[in-house]
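Shown next: coords28.cif, given as mmCIF, C-alpha atoms.
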data_work
#
loop_
_atom_site.group_PDB
_atom_site.id
_atom_site.type_symbol
_atom_site.label_atom_id
_atom_site.label_comp_id
_atom_site.auth_asym_id
_atom_site.auth_seq_id
_atom_site.Cartn_x
_atom_site.Cartn_y
_atom_site.Cartn_z
ATOM 1 C CA MET A 1 -13.798 21.198 1.250
ATOM 2 C CA GLU A 2 -15.391 17.993 2.571
ATOM 3 C CA LYS A 3 -14.552 16.442 5.928
ATOM 4 C CA ASN A 4 -14.417 12.668 6.238
ATOM 5 C CA GLU A 5 -14.021 10.177 9.052
ATOM 6 C CA ILE A 6 -12.703 6.652 8.536
ATOM 7 C CA ILE A 7 -12.533 3.884 11.120
ATOM 8 C CA VAL A 8 -9.506 1.629 10.663
ATOM 9 C CA ASN A 9 -10.524 -1.951 9.847
ATOM 10 C CA SER A 10 -8.445 -5.137 9.765
ATOM 11 C CA GLU A 11 -7.384 -4.501 6.154
ATOM 12 C CA MET A 12 -5.877 -1.130 7.087
ATOM 13 C CA GLU A 13 -4.392 -2.157 10.438
ATOM 14 C CA GLY A 14 -0.589 -1.871 10.564
ATOM 15 C CA MET A 15 -0.359 0.341 7.460
ATOM 16 C CA ARG A 16 1.628 3.574 7.658
ATOM 17 C CA LEU A 17 -0.565 6.680 7.659
ATOM 18 C CA ASP A 18 1.176 8.236 4.643
ATOM 19 C CA ARG A 19 0.927 5.006 2.640
ATOM 20 C CA TYR A 20 -2.778 4.722 3.396
ATOM 21 C CA LEU A 21 -3.392 8.302 2.282
ATOM 22 C CA ARG A 22 -1.302 7.919 -0.894
ATOM 23 C CA LYS A 23 -3.177 4.744 -1.799
ATOM 24 C CA SER A 24 -6.599 6.246 -1.060
ATOM 25 C CA PHE A 25 -6.119 9.729 -2.549
ATOM 26 C CA LYS A 26 -4.420 8.943 -5.853
ATOM 27 C CA ASN A 27 -5.609 12.171 -7.472
ATOM 28 C CA GLU A 28 -3.955 14.315 -4.817
ATOM 29 C CA PRO A 29 -0.274 15.314 -5.222
ATOM 30 C CA LEU A 30 2.119 14.018 -2.561
ATOM 31 C CA SER A 31 2.951 17.566 -1.465
ATOM 32 C CA ARG A 32 -0.727 18.166 -0.632
ATOM 33 C CA ILE A 33 -1.019 14.871 1.280
ATOM 34 C CA PHE A 34 2.094 15.484 3.399
ATOM 35 C CA GLY A 35 1.036 19.115 3.891
ATOM 36 C CA ALA A 36 -2.322 17.941 5.242
ATOM 37 C CA ILE A 37 -0.564 15.653 7.726
ATOM 38 C CA ARG A 38 1.783 18.418 8.940
ATOM 39 C CA SER A 39 -0.959 21.048 9.219
ATOM 40 C CA GLY A 40 -3.300 18.817 11.207
ATOM 41 C CA ASP A 41 -5.908 18.434 8.469
ATOM 42 C CA VAL A 42 -5.346 14.716 9.003
ATOM 43 C CA LYS A 43 -5.789 13.582 12.605
ATOM 44 C CA ILE A 44 -5.780 10.236 14.389
ATOM 45 C CA ASN A 45 -8.311 10.016 17.222
ATOM 46 C CA GLY A 46 -8.508 13.819 17.252
ATOM 47 C CA LYS A 47 -4.748 14.407 17.432
ATOM 48 C CA LYS A 48 -2.059 15.335 14.907
ATOM 49 C CA SER A 49 0.155 12.441 13.914
ATOM 50 C CA LYS A 50 3.348 11.829 11.967
ATOM 51 C CA GLU A 51 3.389 10.313 8.489
ATOM 52 C CA ASN A 52 5.081 7.103 9.732
ATOM 53 C CA TYR A 53 2.356 6.351 12.301
ATOM 54 C CA ARG A 54 1.127 2.744 12.058
ATOM 55 C CA LEU A 55 -2.661 2.521 12.021
ATOM 56 C CA LEU A 56 -4.308 0.566 14.837
ATOM 57 C CA LEU A 57 -7.594 -1.303 14.662
ATOM 58 C CA ASP A 58 -10.557 1.049 15.324
ATOM 59 C CA ASP A 59 -8.458 4.222 15.070
ATOM 60 C CA LYS A 60 -10.565 7.131 13.817
ATOM 61 C CA ILE A 61 -8.940 9.070 10.973
ATOM 62 C CA THR A 62 -10.349 12.555 10.417
ATOM 63 C CA ILE A 63 -9.470 14.072 7.038
ATOM 64 C CA LYS A 64 -10.114 17.637 5.842
ATOM 65 C CA ASN A 65 -9.207 19.428 2.616
ATOM 66 C CA LEU A 66 -8.477 16.263 0.638
ATOM 67 C CA SER A 67 -10.808 14.914 -2.014
ATOM 68 C CA MET A 68 -12.305 11.505 -1.225
ATOM 69 C CA GLY A 69 -12.970 10.788 -4.907
ATOM 70 C CA ASN A 70 -10.850 7.615 -5.012
ATOM 71 C CA ILE A 71 -11.517 6.108 -1.627
ATOM 72 C CA LYS A 72 -14.914 4.527 -2.351
ATOM 73 C CA LYS A 73 -13.942 2.250 -5.197
ATOM 74 C CA ASN A 74 -15.358 -1.153 -4.200
ATOM 75 C CA GLU A 75 -17.882 -1.033 -7.033
ATOM 76 C CA LYS A 76 -15.158 -0.298 -9.606
ATOM 77 C CA ILE A 77 -13.016 -3.134 -8.253
ATOM 78 C CA GLU A 78 -15.915 -5.587 -8.422
ATOM 79 C CA ASN A 79 -16.613 -4.572 -12.025
ATOM 80 C CA LYS A 80 -12.927 -4.987 -12.922
ATOM 81 C CA ILE A 81 -12.910 -8.525 -11.484
ATOM 82 C CA LYS A 82 -16.161 -9.426 -13.252
ATOM 83 C CA LYS A 83 -14.852 -8.219 -16.627
ATOM 84 C CA LEU A 84 -11.815 -10.515 -16.491
ATOM 85 C CA GLN A 85 -12.595 -13.382 -18.850
ATOM 86 C CA ILE A 86 -11.290 -16.731 -17.540
ATOM 87 C CA SER A 87 -12.706 -20.053 -18.700
ATOM 88 C CA GLN A 88 -14.370 -22.301 -16.145
ATOM 89 C CA ASN A 89 -11.864 -25.045 -16.995
ATOM 90 C CA ASP A 90 -8.980 -22.721 -16.115
ATOM 91 C CA LEU A 91 -10.644 -21.662 -12.879
ATOM 92 C CA GLU A 92 -11.077 -25.300 -11.856
ATOM 93 C CA LYS A 93 -7.469 -26.073 -12.822
ATOM 94 C CA TYR A 94 -6.180 -23.273 -10.604
ATOM 95 C CA LYS A 95 -8.457 -24.220 -7.705
ATOM 96 C CA LYS A 96 -6.936 -27.704 -7.700
ATOM 97 C CA MET A 97 -3.490 -26.155 -7.143
ATOM 98 C CA VAL A 98 -4.517 -25.029 -3.631
ATOM 99 C CA ILE A 99 -3.136 -27.470 -1.042
ATOM 100 C CA PHE A 100 -4.136 -25.502 2.083
ATOM 101 C CA GLU A 101 -6.194 -22.492 3.073
ATOM 102 C CA ASN A 102 -7.588 -20.710 6.115
ATOM 103 C CA GLU A 103 -9.175 -17.289 6.653
ATOM 104 C CA ASP A 104 -5.837 -15.449 6.267
ATOM 105 C CA PHE A 105 -3.888 -17.224 3.523
ATOM 106 C CA PHE A 106 -3.725 -20.128 1.091
ATOM 107 C CA ILE A 107 -0.853 -22.206 -0.303
ATOM 108 C CA VAL A 108 -0.688 -22.890 -4.043
ATOM 109 C CA ASN A 109 1.363 -25.580 -5.751
ATOM 110 C CA LYS A 110 2.018 -23.616 -8.942
ATOM 111 C CA ALA A 111 2.541 -25.655 -12.083
ATOM 112 C CA GLU A 112 5.419 -24.731 -14.395
ATOM 113 C CA LYS A 113 4.895 -22.249 -17.245
ATOM 114 C CA ILE A 114 2.256 -20.311 -15.337
ATOM 115 C CA PRO A 115 3.034 -16.625 -14.688
ATOM 116 C CA MET A 116 2.559 -14.997 -11.300
ATOM 117 C CA HIS A 117 1.038 -11.922 -12.973
ATOM 118 C CA LYS A 118 -0.350 -10.940 -16.364
ATOM 119 C CA GLY A 119 2.172 -9.577 -18.820
ATOM 120 C CA THR A 120 3.510 -9.913 -22.344
ATOM 121 C CA GLY A 121 1.823 -12.917 -23.936
ATOM 122 C CA HIS A 122 -0.295 -13.643 -20.838
ATOM 123 C CA LYS A 123 -3.763 -12.191 -20.292
ATOM 124 C CA TYR A 124 -3.707 -13.286 -16.668
ATOM 125 C CA GLY A 125 -1.506 -14.978 -14.103
ATOM 126 C CA LEU A 126 -1.876 -16.578 -10.693
ATOM 127 C CA SER A 127 -2.683 -13.240 -9.068
ATOM 128 C CA GLU A 128 -5.508 -12.287 -11.438
ATOM 129 C CA VAL A 129 -7.059 -15.768 -11.377
ATOM 130 C CA PHE A 130 -7.274 -15.938 -7.596
ATOM 131 C CA LYS A 131 -8.665 -12.402 -7.379
ATOM 132 C CA LYS A 132 -11.432 -13.770 -9.614
ATOM 133 C CA ILE A 133 -11.865 -16.981 -7.605
ATOM 134 C CA TYR A 134 -12.090 -15.178 -4.255
ATOM 135 C CA LYS A 135 -13.836 -12.110 -5.743
ATOM 136 C CA SER A 136 -11.402 -9.811 -3.979
ATOM 137 C CA GLU A 137 -8.839 -7.290 -5.177
ATOM 138 C CA ASN A 138 -6.979 -7.785 -1.869
ATOM 139 C CA ILE A 139 -5.591 -11.156 -2.980
ATOM 140 C CA ASN A 140 -1.803 -10.924 -3.245
ATOM 141 C CA PHE A 141 1.106 -13.360 -3.352
ATOM 142 C CA ALA A 142 3.856 -12.780 -0.793
ATOM 143 C CA ASN A 143 6.565 -14.753 -2.616
ATOM 144 C CA ARG A 144 7.123 -15.223 -6.322
ATOM 145 C CA ILE A 145 8.719 -17.923 -8.413
ATOM 146 C CA ASP A 146 9.725 -17.765 -12.054
ATOM 147 C CA PHE A 147 7.371 -18.569 -14.928
ATOM 148 C CA GLU A 148 9.201 -21.856 -15.616
ATOM 149 C CA THR A 149 9.559 -22.854 -11.938
ATOM 150 C CA SER A 150 6.961 -24.995 -10.187
ATOM 151 C CA GLY A 151 6.167 -25.250 -6.505
ATOM 152 C CA LEU A 152 4.790 -23.510 -3.439
ATOM 153 C CA VAL A 153 3.747 -19.874 -3.132
ATOM 154 C CA ILE A 154 1.880 -18.038 -0.363
ATOM 155 C CA GLY A 155 -1.412 -16.371 -1.301
ATOM 156 C CA CYS A 156 -2.659 -13.676 1.094
ATOM 157 C CA LYS A 157 -6.371 -13.082 1.549
ATOM 158 C CA THR A 158 -5.987 -9.814 3.457
ATOM 159 C CA LEU A 159 -3.612 -6.854 3.286
ATOM 160 C CA LYS A 160 -2.985 -7.294 6.997
ATOM 161 C CA PHE A 161 -1.622 -10.810 6.490
ATOM 162 C CA LEU A 162 0.370 -9.646 3.444
ATOM 163 C CA ARG A 163 2.143 -7.086 5.626
ATOM 164 C CA TYR A 164 2.716 -9.712 8.333
ATOM 165 C CA ILE A 165 4.206 -12.386 6.072
ATOM 166 C CA SER A 166 6.213 -9.841 4.040
ATOM 167 C CA GLU A 167 7.955 -8.803 7.252
ATOM 168 C CA LYS A 168 8.636 -12.487 8.005
ATOM 169 C CA ILE A 169 10.220 -12.861 4.564
ATOM 170 C CA ARG A 170 12.381 -9.770 5.066
ATOM 171 C CA GLU A 171 13.593 -11.191 8.388
ATOM 172 C CA ASN A 172 14.369 -14.592 6.753
ATOM 173 C CA GLU A 173 11.719 -16.278 8.906
ATOM 174 C CA VAL A 174 10.016 -17.988 5.965
ATOM 175 C CA HIS A 175 12.013 -21.089 5.024
ATOM 176 C CA LYS A 176 11.994 -22.437 1.461
ATOM 177 C CA LYS A 177 13.576 -25.530 -0.021
ATOM 178 C CA TYR A 178 13.900 -26.496 -3.668
ATOM 179 C CA PHE A 179 14.776 -29.541 -5.721
ATOM 180 C CA ALA A 180 16.770 -29.034 -8.906
ATOM 181 C CA ILE A 181 17.999 -31.589 -11.423
ATOM 182 C CA VAL A 182 21.289 -30.434 -12.938
ATOM 183 C CA HIS A 183 23.725 -31.576 -15.589
ATOM 184 C CA ASN A 184 26.819 -32.895 -13.819
ATOM 185 C CA GLY A 185 29.253 -31.047 -16.084
ATOM 186 C CA GLU A 186 32.789 -30.620 -14.767
ATOM 187 C CA PHE A 187 31.757 -29.959 -11.154
ATOM 188 C CA LYS A 188 32.731 -33.309 -9.632
ATOM 189 C CA ASN A 189 32.365 -32.434 -5.945
ATOM 190 C CA LYS A 190 29.538 -34.669 -4.713
ATOM 191 C CA LYS A 191 29.658 -33.313 -1.169
ATOM 192 C CA ASP A 192 27.275 -30.762 0.309
ATOM 193 C CA PHE A 193 28.314 -27.241 -0.581
ATOM 194 C CA LYS A 194 27.472 -23.609 0.028
ATOM 195 C CA ILE A 195 27.523 -20.761 -2.485
ATOM 196 C CA GLU A 196 27.972 -17.262 -1.136
ATOM 197 C CA ASN A 197 28.491 -14.442 -3.629
ATOM 198 C CA TYR A 198 26.870 -11.319 -5.058
ATOM 199 C CA LEU A 199 24.087 -11.067 -7.632
ATOM 200 C CA THR A 200 23.444 -8.009 -9.762
ATOM 201 C CA THR A 201 20.370 -7.693 -11.960
ATOM 202 C CA ALA A 202 21.268 -6.657 -15.509
ATOM 203 C CA GLU A 203 18.908 -5.939 -18.403
ATOM 204 C CA ASN A 204 17.549 -9.465 -18.868
ATOM 205 C CA ARG A 205 19.572 -11.712 -16.557
ATOM 206 C CA VAL A 206 21.491 -11.816 -13.292
ATOM 207 C CA ILE A 207 25.280 -11.418 -13.086
ATOM 208 C CA VAL A 208 27.265 -13.410 -10.497
ATOM 209 C CA SER A 209 30.393 -11.948 -8.858
ATOM 210 C CA GLU A 210 32.563 -12.684 -5.836
ATOM 211 C CA ASN A 211 32.416 -9.024 -4.788
ATOM 212 C CA PRO A 212 29.905 -6.207 -5.329
ATOM 213 C CA VAL A 213 30.136 -4.638 -8.791
ATOM 214 C CA SER A 214 27.594 -1.864 -8.157
ATOM 215 C CA ARG A 215 25.249 -0.472 -5.530
ATOM 216 C CA GLU A 216 22.601 -2.894 -6.785
ATOM 217 C CA SER A 217 24.766 -5.968 -6.015
ATOM 218 C CA LYS A 218 23.185 -8.087 -3.291
ATOM 219 C CA LYS A 219 24.816 -10.730 -1.121
ATOM 220 C CA SER A 220 23.298 -14.134 -1.868
ATOM 221 C CA ILE A 221 23.627 -17.341 0.151
ATOM 222 C CA THR A 222 22.399 -20.823 -0.768
ATOM 223 C CA TYR A 223 23.062 -24.321 0.621
ATOM 224 C CA PHE A 224 23.137 -27.362 -1.673
ATOM 225 C CA LYS A 225 22.974 -31.067 -0.857
ATOM 226 C CA TYR A 226 23.243 -34.028 -3.235
ATOM 227 C CA ILE A 227 20.281 -36.423 -2.966
ATOM 228 C CA ASN A 228 19.699 -39.840 -4.521
ATOM 229 C CA ILE A 229 16.877 -39.387 -7.031
ATOM 230 C CA ASP A 230 15.515 -42.779 -5.983
ATOM 231 C CA LYS A 231 14.275 -41.120 -2.783
ATOM 232 C CA LEU A 232 11.565 -39.287 -4.736
ATOM 233 C CA LYS A 233 8.259 -41.168 -4.875
ATOM 234 C CA ASN A 234 7.682 -40.229 -8.518
ATOM 235 C CA GLN A 235 11.273 -40.877 -9.634
ATOM 236 C CA LYS A 236 10.190 -43.197 -12.497
ATOM 237 C CA LYS A 237 8.017 -40.456 -14.017
ATOM 238 C CA ILE A 238 10.831 -37.952 -13.574
ATOM 239 C CA LEU A 239 13.348 -40.212 -15.326
ATOM 240 C CA ASP A 240 10.912 -40.597 -18.219
ATOM 241 C CA LEU A 241 10.600 -36.814 -18.486
ATOM 242 C CA LEU A 242 14.370 -36.381 -18.491
ATOM 243 C CA GLY A 243 14.591 -38.398 -21.702
ATOM 244 C CA LYS A 244 18.158 -38.408 -23.040
ATOM 245 C CA ASN A 245 19.420 -36.215 -20.166
ATOM 246 C CA LYS A 246 20.777 -39.027 -17.965
ATOM 247 C CA ASP A 247 24.098 -37.658 -16.664
ATOM 248 C CA VAL A 248 22.369 -35.599 -14.015
ATOM 249 C CA SER A 249 22.167 -35.088 -10.246
ATOM 250 C CA LEU A 250 19.374 -34.145 -7.866
ATOM 251 C CA LEU A 251 20.119 -31.240 -5.531
ATOM 252 C CA ASP A 252 18.244 -30.370 -2.354
ATOM 253 C CA ILE A 253 18.523 -26.584 -2.016
ATOM 254 C CA GLU A 254 17.893 -24.246 0.900
ATOM 255 C CA LEU A 255 17.625 -20.536 0.193
ATOM 256 C CA ILE A 256 19.013 -18.268 2.887
ATOM 257 C CA THR A 257 18.476 -15.127 0.831
ATOM 258 C CA GLY A 258 15.878 -14.802 -1.897
ATOM 259 C CA ARG A 259 17.232 -12.917 -4.893
ATOM 260 C CA LYS A 260 15.975 -12.882 -8.459
ATOM 261 C CA HIS A 261 17.126 -16.031 -10.329
ATOM 262 C CA GLN A 262 19.403 -16.825 -7.360
ATOM 263 C CA ILE A 263 19.477 -20.620 -7.705
ATOM 264 C CA ARG A 264 19.656 -20.605 -11.511
ATOM 265 C CA ALA A 265 22.452 -18.036 -11.732
ATOM 266 C CA GLN A 266 24.573 -19.475 -8.903
ATOM 267 C CA LEU A 267 24.404 -23.028 -10.247
ATOM 268 C CA ALA A 268 25.151 -21.936 -13.815
ATOM 269 C CA ASP A 269 28.195 -20.042 -12.535
ATOM 270 C CA LYS A 270 29.509 -23.377 -11.194
ATOM 271 C CA GLY A 271 28.743 -25.215 -14.446
ATOM 272 C CA LEU A 272 25.802 -27.036 -12.876
ATOM 273 C CA PHE A 273 23.121 -26.088 -15.389
ATOM 274 C CA ILE A 274 19.529 -26.917 -14.484
ATOM 275 C CA VAL A 275 17.926 -29.263 -17.006
ATOM 276 C CA GLY A 276 15.589 -27.266 -19.245
ATOM 277 C CA ASP A 277 16.938 -23.833 -18.268
ATOM 278 C CA LYS A 278 16.857 -21.853 -21.506
ATOM 279 C CA LYS A 279 18.137 -18.611 -19.953
ATOM 280 C CA TYR A 280 21.173 -19.768 -17.954
ATOM 281 C CA GLY A 281 21.568 -23.362 -19.110
ATOM 282 C CA ILE A 282 22.643 -25.346 -22.140
ATOM 283 C CA LYS A 283 20.705 -26.651 -25.132
ATOM 284 C CA ASP A 284 19.607 -30.039 -23.818
ATOM 285 C CA GLY A 285 16.354 -30.544 -25.761
ATOM 286 C CA SER A 286 14.233 -30.646 -22.597
ATOM 287 C CA ASP A 287 10.841 -28.977 -22.774
ATOM 288 C CA ARG A 288 10.505 -29.233 -18.978
ATOM 289 C CA PHE A 289 12.303 -27.084 -16.421
ATOM 290 C CA PHE A 290 13.512 -29.035 -13.391
ATOM 291 C CA LEU A 291 13.395 -26.555 -10.518
ATOM 292 C CA CYS A 292 10.666 -26.888 -7.894
ATOM 293 C CA CYS A 293 9.977 -25.232 -4.529
ATOM 294 C CA TYR A 294 8.886 -28.335 -2.635
ATOM 295 C CA PHE A 295 8.936 -27.115 0.987
ATOM 296 C CA LEU A 296 7.812 -23.955 2.735
ATOM 297 C CA SER A 297 7.452 -23.157 6.438
ATOM 298 C CA PHE A 298 6.782 -20.255 8.791
ATOM 299 C CA ASP A 299 5.467 -19.973 12.357
ATOM 300 C CA GLU A 300 3.929 -23.374 13.180
ATOM 301 C CA TYR A 301 3.073 -24.135 9.540
ATOM 302 C CA LYS A 302 4.964 -26.617 7.356
ATOM 303 C CA PHE A 303 4.015 -27.472 3.768
ATOM 304 C CA SER A 304 5.598 -30.073 1.510
ATOM 305 C CA ILE A 305 4.855 -31.615 -1.909
ATOM 306 C CA LEU A 306 7.505 -34.352 -1.839
ATOM 307 C CA ASP A 307 5.121 -36.777 -3.565
ATOM 308 C CA ARG A 308 4.327 -34.275 -6.347
ATOM 309 C CA VAL A 309 7.705 -32.739 -7.181
ATOM 310 C CA PHE A 310 7.845 -31.513 -10.833
ATOM 311 C CA PHE A 311 4.175 -32.474 -11.344
#
Would you put the structure from the file into structure tokens?
Amino acid sequence: MEKNEIIVNSEMEGMRLDRYLRKSFKNEPLSRIFGAIRSGDVKINGKKSKENYRLLLDDKITIKNLSMGNIKKNEKIENKIKKLQISQNDLEKYKKMVIFENEDFFIVNKAEKIPMHKGTGHKYGLSEVFKKIYKSENINFANRIDFETSGLVIGCKTLKFLRYISEKIRENEVHKKYFAIVHNGEFKNKKDFKIENYLTTAENRVIVSENPVSRESKKSITYFKYINIDKLKNQKKILDLLGKNKDVSLLDIELITGRKHQIRAQLADKGLFIVGDKKYGIKDGSDRFFLCCYFLSFDEYKFSILDRVFF
């Protein structure tokens, strides 16, 4: 069987050894991969290593008795990207959504009704488009927002940065703020408030409960603050979009945890339905959904679209 040597580059740095092998040798069964690690057929810098070893830059991985058939796939990836048919107009539209970029990441102000990924009814989403724009399969988005939601998302240009920012997100070191316009309903408390409860993902929606209802229930914390809509620079345009929906309030929202549909489900549970929310809200005739991630920060970076909220 062939013997191969790989030098760890910046894309591989920080990845667990077993994850790297599973990703690179997709035709090999897991039992064979883990057996190769235990037997010493896989060595790091000439020494046996454990499966949870984190690869370091310039490490030399020596691999015996595993087929390298899937590891050299750059040509296949390039062909896959080239085959994706996206109009030039769409590419230009998506490029204009980028508000910042450097060599590691870029920030996109996603418009509403654009999916993060391809799926039912969508040939491509944000992820596929930016793989095409940057001609790289390594483009990934670290945070996701719903199809209907607009606002800021973090695009990663390298797998190394994806791992870095994903860890930041897990440690709640990436701060996100949202604006939502809600129907006032019967919730008359106009003071700042906090919602702390549990969310459980069901078949097609999220269930809110004061206590866990299953092992999948996750504690969810959000802070809400009432804001005068006049403080938004584009408030006249927003009021025009709201149409007949006038008995509304603007909420400034800070996510402490980031669960699926967290803001939508928690507000609906309090009777504060987001205008245009067809899943958790009421029939209000709005064809726009008024939830926007307007602020995002981590490390020394701060990004805001206060002057472009909902647009």
For this session: Kindly resolve the PyMOL selection byres ((chain A and resi 126) around 12) on the present coordinates and return the residues as number ranges by chain.
Result: A: 86, 90-91, 93-95, 97-98, 107-119, 122-125, 127-133, 139-141, 143-147, 153-155
Output the residue selection produced by the PyMOL selection byres ((chain A and resi 266) around 10) on the file above, formatted as a short mmCIF file (atom, residue, chain, number, x, y, z; two decimals) with C-alpha atoms, in the frame of the given file.
data_model
loop_
_atom_site.label_atom_id
_atom_site.label_comp_id
_atom_site.auth_asym_id
_atom_site.auth_seq_id
_atom_site.Cartn_x
_atom_site.Cartn_y
_atom_site.Cartn_z
CA ILE A 195 27.52 -20.76 -2.48
CA GLU A 196 27.97 -17.26 -1.14
CA ASN A 197 28.49 -14.44 -3.63
CA TYR A 198 26.87 -11.32 -5.06
CA LEU A 199 24.09 -11.07 -7.63
CA VAL A 206 21.49 -11.82 -13.29
CA ILE A 207 25.28 -11.42 -13.09
CA VAL A 208 27.26 -13.41 -10.50
CA SER A 209 30.39 -11.95 -8.86
CA SER A 220 23.30 -14.13 -1.87
CA ILE A 221 23.63 -17.34 0.15
CA THR A 222 22.40 -20.82 -0.77
CA HIS A 261 17.13 -16.03 -10.33
CA GLN A 262 19.40 -16.82 -7.36
CA ILE A 263 19.48 -20.62 -7.70
CA ARG A 264 19.66 -20.60 -11.51
CA ALA A 265 22.45 -18.04 -11.73
CA LEU A 267 24.40 -23.03 -10.25
CA ALA A 268 25.15 -21.94 -13.82
CA ASP A 269 28.20 -20.04 -12.54
CA LYS A 270 29.51 -23.38 -11.19
CA GLY A 271 28.74 -25.22 -14.45
CA LEU A 272 25.80 -27.04 -12.88
CA PHE A 273 23.12 -26.09 -15.39
CA TYR A 280 21.17 -19.77 -17.95
#
Exercise. Which residues, protein or nucleic acid, reach to within 9 Å of (15.4, -31.7, -24.3) in the file's coordinates when using all atoms listed in the file, and can you give that as an MDAnalysis selection string?
Worked result: chainID A and resid 242:245 275:276 283:288
Store the residues picked out above, limited to C-alpha atoms, as an mmCIF file, in the coordinates of the input.
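New file out.cif:
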data_model
loop_
_atom_site.group_PDB
_atom_site.id
_atom_site.type_symbol
_atom_site.label_atom_id
_atom_site.label_comp_id
_atom_site.auth_asym_id
_atom_site.auth_seq_id
_atom_site.Cartn_x
_atom_site.Cartn_y
_atom_site.Cartn_z
ATOM 1 C CA LEU A 242 14.370 -36.381 -18.491
ATOM 2 C CA GLY A 243 14.591 -38.398 -21.702
ATOM 3 C CA LYS A 244 18.158 -38.408 -23.040
ATOM 4 C CA ASN A 245 19.420 -36.215 -20.166
ATOM 5 C CA VAL A 275 17.926 -29.263 -17.006
ATOM 6 C CA GLY A 276 15.589 -27.266 -19.245
ATOM 7 C CA LYS A 283 20.705 -26.651 -25.132
ATOM 8 C CA ASP A 284 19.607 -30.039 -23.818
ATOM 9 C CA GLY A 285 16.354 -30.544 -25.761
ATOM 10 C CA SER A 286 14.233 -30.646 -22.597
ATOM 11 C CA ASP A 287 10.841 -28.977 -22.774
ATOM 12 C CA ARG A 288 10.505 -29.233 -18.978
#
Problem set entry | Residues returned when the PyMOL selection byres ((chain A and resi 65) around 9) runs on this file, as a PyMOL selection string | chain A and resi 1-3+36+41-42+63-64+66-67
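With all atoms listed in the file as the basis for measurement, A:Ser249 is the residue among A:Ser136, A:Ser166, A:Ser249, A:Thr201 that approaches Val182 of chain A most closely.
Near Val248 of chain A, within 6 Å and counting all atoms listed in the file, sit Val182, His183, Asn184 and Lys246 of chain A, not including residues fewer than 2 positions from it in the same chain.
Rounded to one decimal, atom CA of Leu291 of chain A and atom CA of Ala142 of chain A lie 19.4 Å from each other.
Comparing the minimum interatomic distances between Glu300 of chain A and each of A:Arg54, A:Lys279, A:Glu173, A:Gly121, counting all atoms listed in the file, we find that A:Glu173 sits nearest.
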Taking (-9.4, -2.8, 11.0) in the file's coordinates, which residues come within 12 Å, counting all atoms listed in the file, written as an mmCIF file with C-alpha atoms, keeping the file's coordinate frame?
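Output contents, as saved in out_26.cif:
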data_model
loop_
_atom_site.group_PDB
_atom_site.id
_atom_site.type_symbol
_atom_site.label_atom_id
_atom_site.label_comp_id
_atom_site.auth_asym_id
_atom_site.auth_seq_id
_atom_site.Cartn_x
_atom_site.Cartn_y
_atom_site.Cartn_z
ATOM 1 C CA ILE A 6 -12.703 6.652 8.536
ATOM 2 C CA ILE A 7 -12.533 3.884 11.120
ATOM 3 C CA VAL A 8 -9.506 1.629 10.663
ATOM 4 C CA ASN A 9 -10.524 -1.951 9.847
ATOM 5 C CA SER A 10 -8.445 -5.137 9.765
ATOM 6 C CA GLU A 11 -7.384 -4.501 6.154
ATOM 7 C CA MET A 12 -5.877 -1.130 7.087
ATOM 8 C CA GLU A 13 -4.392 -2.157 10.438
ATOM 9 C CA GLY A 14 -0.589 -1.871 10.564
ATOM 10 C CA MET A 15 -0.359 0.341 7.460
ATOM 11 C CA ARG A 54 1.127 2.744 12.058
ATOM 12 C CA LEU A 55 -2.661 2.521 12.021
ATOM 13 C CA LEU A 56 -4.308 0.566 14.837
ATOM 14 C CA LEU A 57 -7.594 -1.303 14.662
ATOM 15 C CA ASP A 58 -10.557 1.049 15.324
ATOM 16 C CA ASP A 59 -8.458 4.222 15.070
ATOM 17 C CA LYS A 60 -10.565 7.131 13.817
ATOM 18 C CA ILE A 61 -8.940 9.070 10.973
ATOM 19 C CA THR A 158 -5.987 -9.814 3.457
ATOM 20 C CA LEU A 159 -3.612 -6.854 3.286
ATOM 21 C CA LYS A 160 -2.985 -7.294 6.997
#
Could you give me the centre and size, in Å to one decimal, of an axis-aligned box around all listed atoms of segment 104-108 of chain A with 3 Å added on every side, as AutoDock Vina command-line options?
--center_x -3.3 --center_y -19.2 --center_z 1.1 --size_x 11.1 --size_y 13.4 --size_z 16.3
Exercise. At what distance in Å, to one decimal, does atom CA of Asn234 of chain A lie from atom CA of Val309 of chain A?
Worked result: 7.6 Å
For this session: Take atom CA of Phe290 of chain A and atom CA of Phe310 of chain A and report the distance between them in Å, one decimal.
Result: 6.7 Å
